[in-house]
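J.: Take this structure, written in structure tokens, and hold onto it; I'll ask about it next.
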Amino acid sequence: MDLTCDERLSDSPFVERIWRSEIVEQALPFVSMAETHWSMVVTKIQGKMTFTVRGPETKATPATTSRDAQHWGIMFKTGAFMPHLPISKLMDRSDVNLPEANSSSFWLQGAAWEIPDFENADTFVDRLVREGLLAHEPIVDAALQGHLPEVSLRSVQRRFLRATGLTYGTMLQIERARRATALLKQGMSILDTVEYEGYSDQPHLTRSLKRFTGHTPAQIISENRVDPLSFLFKTLPF
């Protein structure tokens with residue numbers, strides 16, 4: 001059984017989705033899949049809360065859930081970024097735990113902030129924007145939509161990388177692998193998935209999924225698979 005969560009969309013143009021997971025009664029190993037988005041995540045264990053900023057992941061990595069842990073978080077849209085905390089410093093599970101102010105708040109840029117919950121996360125994001133701690137890079141949207149602005153390609157690449165932590169090509173590869181994984185889990189055959197997502201052949205799909213999800217297509221659809229996958233959200237971007 002793969003990890004599951006509740007999720008909801010947000011009215012904020014900076015937010016991809018807001019989610020919360022079920023409480024896990026025991027530590028559980030799983031595979032953390034590659035992910036193009038960065039997030040802010042709250043972890044609650046035995047009443048103590050930790051506020052973490054987590055960056056994108058460029059490959060699948062082994063991970064373990066904490067016993068009796070509850071998690072909820074804000075996943076930000078591609079192009080949203082914090083100017084004072086470069087995404088490059090958060091990549092591939094180089095998570096940053098923000099310092100605790102008290103049991104229900106944390107320090108951010110010299111001010112104490114209340115830890116948001118699943119219901120009021122939008123209000124928290126609005127404050128980040130007002131305080132200038134959350135910005136948006138329009139070149140990311142333009143590049144993903146194929147409408148490049150009249151600036152040099154080098155400038156586009158530099159600004160895209162600064163705002164996302166990823167190159168354009170890597171982002172597309174990760175998102176395609178996540179879509180392919182979702183299709184396989186929904187019952188689509190391996191060969192149909194190859195054709196639907198535009199892989200050159202089955203070995204190409206296998207190499208991609210092994211890199212970005214840690215599993216081959218056959219392992220993903222197997223009922224005997226032991227290692228759960230991290231969250232594969234109901235609504236995938238792109």
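Every chain in the structure tokens has a letter given in the order shown (A, B, ...), and although residue numbers restart at 1 in each chain, ligands are simply numbered from 1 in the order shown.
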Can you tell me, as a ChimeraX atom specification, what residues are no more than 10 Å from stretch 173-187 of chain A when counting only C-alpha atoms, ignoring any on the same chain fewer than 5 positions away?
T.: /A:33-36,57-59,168,192-194,196-199,205-213,215-218,220-222,232-238
J.: Find, counting only C-alpha atoms, the residue in A:Phe30, A:Ala112, A:Lys48, A:Ala121 that gets nearest to A:Leu9.
T.: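 Smallest distance to A:Leu9 is found for A:Ala121.
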J.: Atom CA of A:Ala63 and atom CA of A:Arg225, how far apart in Å?
T.: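 Straight-line distance from atom CA of A:Arg225 to atom CA of A:Ala63 works out to 16.1 Å.
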J.: Provide the atom CA of A:Asp68 to atom CA of A:Pro228 distance in Å, to one decimal place.
T.: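 Separation of atom CA of A:Asp68 and atom CA of A:Pro228: 17.4 Å.
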J.: Rank nothing, just name the residue among A:Lys44, A:His204, A:Arg158, A:Lys77 nearest to A:Ser103, using only C-alpha atoms.
T.: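 The answer is A:Lys44, which sits nearest to A:Ser103.
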J.: Can you pull out every residue within 10 Å of A:His136, counting only C-alpha atoms, but drop anything in the same chain fewer than 3 positions away, and send it as a VMD selection string?
T.: chain A and resid 13 to 14 77 to 83 129 139 to 141 163
J.: Report as a PyMOL selection string: the residues of stretch 116-158 of chain A with a DSSP assignment of alpha helix (DSSP H), based on the backbone of this structure.
T.: chain A and resi 121-130+138-144+153-158
J.: Please produce an output containing C-alpha atoms for each residue in the selection, written as a PDB file, in the first residue's frame.
T.:
```
ATOM      1  CA  ALA A 121      -2.711  27.589   5.168  1.00  0.00           C
ATOM      2  CA  ASP A 122      -4.012  30.058   2.556  1.00  0.00           C
ATOM      3  CA  THR A 123      -3.959  32.895   5.080  1.00  0.00           C
ATOM      4  CA  PHE A 124      -0.392  31.972   5.983  1.00  0.00           C
ATOM      5  CA  VAL A 125       0.670  32.081   2.309  1.00  0.00           C
ATOM      6  CA  ASP A 126      -1.021  35.465   1.836  1.00  0.00           C
ATOM      7  CA  ARG A 127       1.070  36.843   4.697  1.00  0.00           C
ATOM      8  CA  LEU A 128       4.259  35.453   3.179  1.00  0.00           C
ATOM      9  CA  VAL A 129       3.471  37.336  -0.025  1.00  0.00           C
ATOM     10  CA  ARG A 130       2.616  40.575   1.799  1.00  0.00           C
ATOM     11  CA  PRO A 138       6.985  34.734 -14.558  1.00  0.00           C
ATOM     12  CA  ILE A 139       9.638  33.309 -16.867  1.00  0.00           C
ATOM     13  CA  VAL A 140       8.886  29.843 -15.469  1.00  0.00           C
ATOM     14  CA  ASP A 141       5.250  30.007 -16.587  1.00  0.00           C
ATOM     15  CA  ALA A 142       6.279  31.441 -19.953  1.00  0.00           C
ATOM     16  CA  ALA A 143       8.821  28.664 -20.526  1.00  0.00           C
ATOM     17  CA  LEU A 144       6.389  25.896 -19.565  1.00  0.00           C
ATOM     18  CA  LEU A 153      18.241  31.921 -23.590  1.00  0.00           C
ATOM     19  CA  ARG A 154      20.989  32.023 -20.975  1.00  0.00           C
ATOM     20  CA  SER A 155      18.955  34.493 -18.911  1.00  0.00           C
ATOM     21  CA  VAL A 156      15.857  32.285 -19.181  1.00  0.00           C
ATOM     22  CA  GLN A 157      17.821  29.225 -18.060  1.00  0.00           C
ATOM     23  CA  ARG A 158      19.415  31.083 -15.155  1.00  0.00           C
TER      24      ARG A 158
END
```
J.: Any idea what's packed within 12 Å of A:Ser66, counting only C-alpha atoms, ignoring anything in its chain fewer than 4 positions away? Could you give it as a tab-separated table (two decimals) with all heavy atoms, in the first residue's frame?
T.:
```tsv
chain	number	residue	atom	x	y	z
A	22	GLU	N	-2.33	10.66	6.82
A	22	GLU	CA	-2.85	9.90	7.95
A	22	GLU	C	-1.73	9.64	8.96
A	22	GLU	O	-0.55	9.63	8.62
A	22	GLU	CB	-3.41	8.56	7.46
A	22	GLU	CG	-4.56	8.70	6.46
A	22	GLU	CD	-5.02	7.37	5.94
A	22	GLU	OE1	-4.42	6.33	6.33
A	22	GLU	OE2	-5.97	7.34	5.15
A	23	ILE	N	-2.11	9.45	10.21
A	23	ILE	CA	-1.12	9.13	11.24
A	23	ILE	C	-0.62	7.71	11.03
A	23	ILE	O	-1.38	6.78	10.84
A	23	ILE	CB	-1.73	9.28	12.65
A	23	ILE	CG1	-2.14	10.73	12.91
A	23	ILE	CG2	-0.75	8.80	13.72
A	23	ILE	CD1	-2.81	10.94	14.24
A	24	VAL	N	0.71	7.56	11.00
A	24	VAL	CA	1.33	6.25	10.85
A	24	VAL	C	1.70	5.73	12.23
A	24	VAL	O	2.45	6.38	12.96
A	24	VAL	CB	2.58	6.34	9.95
A	24	VAL	CG1	3.24	4.98	9.81
A	24	VAL	CG2	2.19	6.88	8.58
A	25	GLU	N	1.19	4.56	12.59
A	25	GLU	CA	1.39	4.06	13.94
A	25	GLU	C	2.78	3.50	14.17
A	25	GLU	O	3.23	3.39	15.31
A	25	GLU	CB	0.33	2.98	14.24
A	25	GLU	CG	-1.10	3.55	14.27
A	25	GLU	CD	-2.12	2.49	14.60
A	25	GLU	OE1	-1.73	1.31	14.71
A	25	GLU	OE2	-3.31	2.84	14.76
A	26	GLN	N	3.47	3.13	13.09
A	26	GLN	CA	4.82	2.61	13.25
A	26	GLN	C	5.71	3.15	12.14
A	26	GLN	O	5.23	3.58	11.11
A	26	GLN	CB	4.82	1.08	13.21
A	26	GLN	CG	4.27	0.50	11.92
A	26	GLN	CD	4.20	-1.02	11.95
A	26	GLN	OE1	4.46	-1.64	12.97
A	26	GLN	NE2	3.86	-1.61	10.83
A	27	ALA	N	7.02	3.15	12.39
A	27	ALA	CA	7.96	3.60	11.37
A	27	ALA	C	7.82	2.72	10.13
A	27	ALA	O	7.71	1.49	10.25
A	27	ALA	CB	9.38	3.55	11.92
A	28	LEU	N	7.82	3.34	8.97
A	28	LEU	CA	7.57	2.61	7.73
A	28	LEU	C	8.54	3.06	6.65
A	28	LEU	O	8.57	4.23	6.28
A	28	LEU	CB	6.13	2.85	7.27
A	28	LEU	CG	5.70	2.19	5.96
A	28	LEU	CD1	5.63	0.67	6.15
A	28	LEU	CD2	4.35	2.73	5.51
A	29	PRO	N	9.36	2.16	6.11
A	29	PRO	CA	10.24	2.54	5.01
A	29	PRO	C	9.43	2.73	3.73
A	29	PRO	O	8.44	2.03	3.50
A	29	PRO	CB	11.20	1.35	4.89
A	29	PRO	CG	10.43	0.19	5.44
A	29	PRO	CD	9.55	0.75	6.52
A	30	PHE	N	9.83	3.68	2.91
A	30	PHE	CA	9.16	3.92	1.64
A	30	PHE	C	10.15	4.53	0.66
A	30	PHE	O	11.28	4.84	1.02
A	30	PHE	CB	7.93	4.83	1.83
A	30	PHE	CG	8.25	6.24	2.21
A	30	PHE	CD1	8.32	7.25	1.25
A	30	PHE	CD2	8.49	6.60	3.54
A	30	PHE	CE1	8.61	8.56	1.60
A	30	PHE	CE2	8.78	7.90	3.90
A	30	PHE	CZ	8.84	8.89	2.92
A	43	THR	N	5.38	18.64	10.80
A	43	THR	CA	5.39	17.29	11.35
A	43	THR	C	5.05	17.36	12.83
A	43	THR	O	5.67	18.14	13.57
A	43	THR	CB	6.77	16.63	11.17
A	43	THR	OG1	7.10	16.60	9.78
A	43	THR	CG2	6.76	15.21	11.72
A	44	LYS	N	4.07	16.59	13.25
A	44	LYS	CA	3.65	16.58	14.66
A	44	LYS	C	3.84	15.18	15.22
A	44	LYS	O	3.25	14.22	14.73
A	44	LYS	CB	2.19	17.00	14.78
A	44	LYS	CG	1.70	17.13	16.22
A	44	LYS	CD	0.26	17.64	16.25
A	44	LYS	CE	-0.22	17.84	17.68
A	44	LYS	NZ	-1.63	18.35	17.71
A	45	ILE	N	4.70	15.08	16.23
A	45	ILE	CA	4.97	13.81	16.89
A	45	ILE	C	4.85	14.01	18.39
A	45	ILE	O	5.56	14.83	18.97
A	45	ILE	CB	6.37	13.27	16.54
A	45	ILE	CG1	6.55	13.13	15.03
A	45	ILE	CG2	6.62	11.94	17.23
A	45	ILE	CD1	7.93	12.69	14.62
A	46	GLN	N	3.91	13.28	19.00
A	46	GLN	CA	3.68	13.38	20.45
A	46	GLN	C	3.52	14.83	20.89
A	46	GLN	O	4.08	15.26	21.89
A	46	GLN	CB	4.83	12.71	21.22
A	46	GLN	CG	4.95	11.22	20.94
A	46	GLN	CD	6.08	10.56	21.71
A	46	GLN	OE1	6.94	11.22	22.28
A	46	GLN	NE2	6.09	9.24	21.72
A	70	GLN	N	2.13	12.79	12.38
A	70	GLN	CA	1.11	13.41	11.56
A	70	GLN	C	1.78	14.51	10.74
A	70	GLN	O	2.60	15.27	11.26
A	70	GLN	CB	0.00	14.00	12.43
A	70	GLN	CG	-1.15	14.60	11.65
A	70	GLN	CD	-2.23	15.15	12.57
A	70	GLN	OE1	-2.06	15.20	13.80
A	70	GLN	NE2	-3.34	15.57	12.00
A	71	HIS	N	1.45	14.59	9.46
A	71	HIS	CA	2.07	15.58	8.58
A	71	HIS	C	1.00	16.36	7.83
A	71	HIS	O	-0.03	15.81	7.45
A	71	HIS	CB	2.98	14.90	7.54
A	71	HIS	CG	4.03	14.00	8.11
A	71	HIS	ND1	5.26	14.47	8.51
A	71	HIS	CD2	4.04	12.67	8.33
A	71	HIS	CE1	5.99	13.47	8.97
A	71	HIS	NE2	5.27	12.36	8.87
```
J.: Report as a tab-separated table: every residue of stretch 160-211 of chain A with an atom at most 12 Å from stretch 84-95 of chain A, its closest pair of atoms, and their distance in Å to one decimal, counting only C-alpha atoms, with rows sorted by chain and ascending residue number.
T.:
```
residue	atom	partner	partner_atom	distance
A:Phe160	CA	A:Ile87	CA	11.2
A:Leu161	CA	A:Ser88	CA	8.4
A:Arg162	CA	A:Ile87	CA	7.0
A:Ala163	CA	A:Ile87	CA	7.0
A:Thr164	CA	A:Ile87	CA	6.6
A:Gly165	CA	A:Ser88	CA	5.2
A:Leu166	CA	A:Ser88	CA	8.6
A:Thr167	CA	A:Ser88	CA	11.5
```
J.: For the selection just defined, write its residues with all heavy atoms to a file, as a PDB file, in the first residue's frame.
T.:
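The resulting result.pdb:
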```pdb
ATOM      1  N   PHE A 160      15.076  30.421 -14.578  1.00  0.00           N
ATOM      2  CA  PHE A 160      14.291  29.199 -14.388  1.00  0.00           C
ATOM      3  C   PHE A 160      14.921  28.346 -13.291  1.00  0.00           C
ATOM      4  O   PHE A 160      14.235  27.869 -12.375  1.00  0.00           O
ATOM      5  CB  PHE A 160      14.230  28.418 -15.704  1.00  0.00           C
ATOM      6  CG  PHE A 160      13.227  27.304 -15.721  1.00  0.00           C
ATOM      7  CD1 PHE A 160      11.994  27.474 -16.326  1.00  0.00           C
ATOM      8  CD2 PHE A 160      13.511  26.075 -15.139  1.00  0.00           C
ATOM      9  CE1 PHE A 160      11.063  26.435 -16.346  1.00  0.00           C
ATOM     10  CE2 PHE A 160      12.591  25.037 -15.153  1.00  0.00           C
ATOM     11  CZ  PHE A 160      11.356  25.221 -15.760  1.00  0.00           C
ATOM     12  N   LEU A 161      16.234  28.170 -13.361  1.00  0.00           N
ATOM     13  CA  LEU A 161      16.945  27.361 -12.371  1.00  0.00           C
ATOM     14  C   LEU A 161      16.874  28.000 -10.991  1.00  0.00           C
ATOM     15  O   LEU A 161      16.692  27.308  -9.976  1.00  0.00           O
ATOM     16  CB  LEU A 161      18.394  27.182 -12.809  1.00  0.00           C
ATOM     17  CG  LEU A 161      19.276  26.271 -11.948  1.00  0.00           C
ATOM     18  CD1 LEU A 161      18.739  24.850 -11.963  1.00  0.00           C
ATOM     19  CD2 LEU A 161      20.721  26.293 -12.455  1.00  0.00           C
ATOM     20  N   ARG A 162      16.998  29.324 -10.919  1.00  0.00           N
ATOM     21  CA  ARG A 162      16.945  30.020  -9.629  1.00  0.00           C
ATOM     22  C   ARG A 162      15.588  29.841  -8.956  1.00  0.00           C
ATOM     23  O   ARG A 162      15.510  29.646  -7.735  1.00  0.00           O
ATOM     24  CB  ARG A 162      17.211  31.507  -9.833  1.00  0.00           C
ATOM     25  CG  ARG A 162      17.033  32.364  -8.575  1.00  0.00           C
ATOM     26  CD  ARG A 162      17.446  33.801  -8.821  1.00  0.00           C
ATOM     27  NE  ARG A 162      17.218  34.644  -7.656  1.00  0.00           N
ATOM     28  CZ  ARG A 162      16.151  35.427  -7.507  1.00  0.00           C
ATOM     29  NH1 ARG A 162      15.232  35.488  -8.460  1.00  0.00           N
ATOM     30  NH2 ARG A 162      16.016  36.177  -6.425  1.00  0.00           N
ATOM     31  N   ALA A 163      14.516  29.873  -9.737  1.00  0.00           N
ATOM     32  CA  ALA A 163      13.173  29.814  -9.158  1.00  0.00           C
ATOM     33  C   ALA A 163      12.694  28.399  -8.874  1.00  0.00           C
ATOM     34  O   ALA A 163      11.835  28.200  -8.007  1.00  0.00           O
ATOM     35  CB  ALA A 163      12.174  30.504 -10.092  1.00  0.00           C
ATOM     36  N   THR A 164      13.248  27.405  -9.573  1.00  0.00           N
ATOM     37  CA  THR A 164      12.737  26.040  -9.429  1.00  0.00           C
ATOM     38  C   THR A 164      13.754  25.050  -8.880  1.00  0.00           C
ATOM     39  O   THR A 164      13.373  23.989  -8.385  1.00  0.00           O
ATOM     40  CB  THR A 164      12.244  25.498 -10.778  1.00  0.00           C
ATOM     41  OG1 THR A 164      13.374  25.294 -11.658  1.00  0.00           O
ATOM     42  CG2 THR A 164      11.242  26.439 -11.430  1.00  0.00           C
ATOM     43  N   GLY A 165      15.049  25.378  -8.999  1.00  0.00           N
ATOM     44  CA  GLY A 165      16.075  24.429  -8.602  1.00  0.00           C
ATOM     45  C   GLY A 165      16.339  23.366  -9.650  1.00  0.00           C
ATOM     46  O   GLY A 165      17.192  22.499  -9.458  1.00  0.00           O
ATOM     47  N   LEU A 166      15.613  23.407 -10.763  1.00  0.00           N
ATOM     48  CA  LEU A 166      15.690  22.386 -11.803  1.00  0.00           C
ATOM     49  C   LEU A 166      15.892  23.022 -13.168  1.00  0.00           C
ATOM     50  O   LEU A 166      15.509  24.168 -13.391  1.00  0.00           O
ATOM     51  CB  LEU A 166      14.391  21.570 -11.851  1.00  0.00           C
ATOM     52  CG  LEU A 166      13.971  20.843 -10.574  1.00  0.00           C
ATOM     53  CD1 LEU A 166      12.513  20.413 -10.679  1.00  0.00           C
ATOM     54  CD2 LEU A 166      14.865  19.629 -10.332  1.00  0.00           C
ATOM     55  N   THR A 167      16.463  22.251 -14.076  1.00  0.00           N
ATOM     56  CA  THR A 167      16.462  22.686 -15.468  1.00  0.00           C
ATOM     57  C   THR A 167      15.096  22.361 -16.066  1.00  0.00           C
ATOM     58  O   THR A 167      14.344  21.513 -15.544  1.00  0.00           O
ATOM     59  CB  THR A 167      17.548  21.970 -16.287  1.00  0.00           C
ATOM     60  OG1 THR A 167      17.238  20.561 -16.350  1.00  0.00           O
ATOM     61  CG2 THR A 167      18.918  22.169 -15.668  1.00  0.00           C
TER      62      THR A 167
END
```
J.: Applying 7 Å and only C-alpha atoms, which residues near A:Met40 remain after dropping the ones on its own chain fewer than 6 positions away? List them as a PyMOL selection string.
T.: chain A and resi 52-54+73-75
J.: I need the residues from that last selection saved to file as a CSV table (one decimal), in the first residue's frame (with N, CA, C and O atoms), if you can.
T.:
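Result file is selection.csv:
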```csv
chain,number,residue,atom,x,y,z
A,52,THR,N,9.2,22.5,8.5
A,52,THR,CA,10.3,22.2,7.6
A,52,THR,C,10.1,22.8,6.2
A,52,THR,O,9.0,22.7,5.7
A,53,VAL,N,11.1,23.3,5.6
A,53,VAL,CA,11.1,23.7,4.2
A,53,VAL,C,11.8,22.6,3.4
A,53,VAL,O,13.0,22.3,3.7
A,54,ARG,N,11.1,22.0,2.4
A,54,ARG,CA,11.6,20.9,1.7
A,54,ARG,C,11.7,21.2,0.2
A,54,ARG,O,10.7,21.7,-0.4
A,73,GLY,N,1.0,19.9,4.8
A,73,GLY,CA,1.9,20.8,4.2
A,73,GLY,C,1.3,21.6,3.0
A,73,GLY,O,0.2,21.4,2.6
A,74,ILE,N,2.1,22.5,2.6
A,74,ILE,CA,1.8,23.4,1.5
A,74,ILE,C,2.8,23.1,0.3
A,74,ILE,O,4.0,23.3,0.5
A,75,MET,N,2.3,22.7,-0.8
A,75,MET,CA,3.1,22.5,-2.0
A,75,MET,C,2.9,23.7,-2.9
A,75,MET,O,1.8,24.1,-3.3
```
J.: Could you pull out the strand (DSSP E or B) residues of stretch 102-232 of chain A from DSSP and send them as a ChimeraX atom specification?
T.: /A:102,105-108,111-114,135-136,229
J.: What does the structure give for the distance between atom CA of A:Met49 and atom CA of A:Ser32, in Å to one decimal?
T.: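 Answer for the atom CA of A:Met49 to atom CA of A:Ser32 separation: 21.6 Å.
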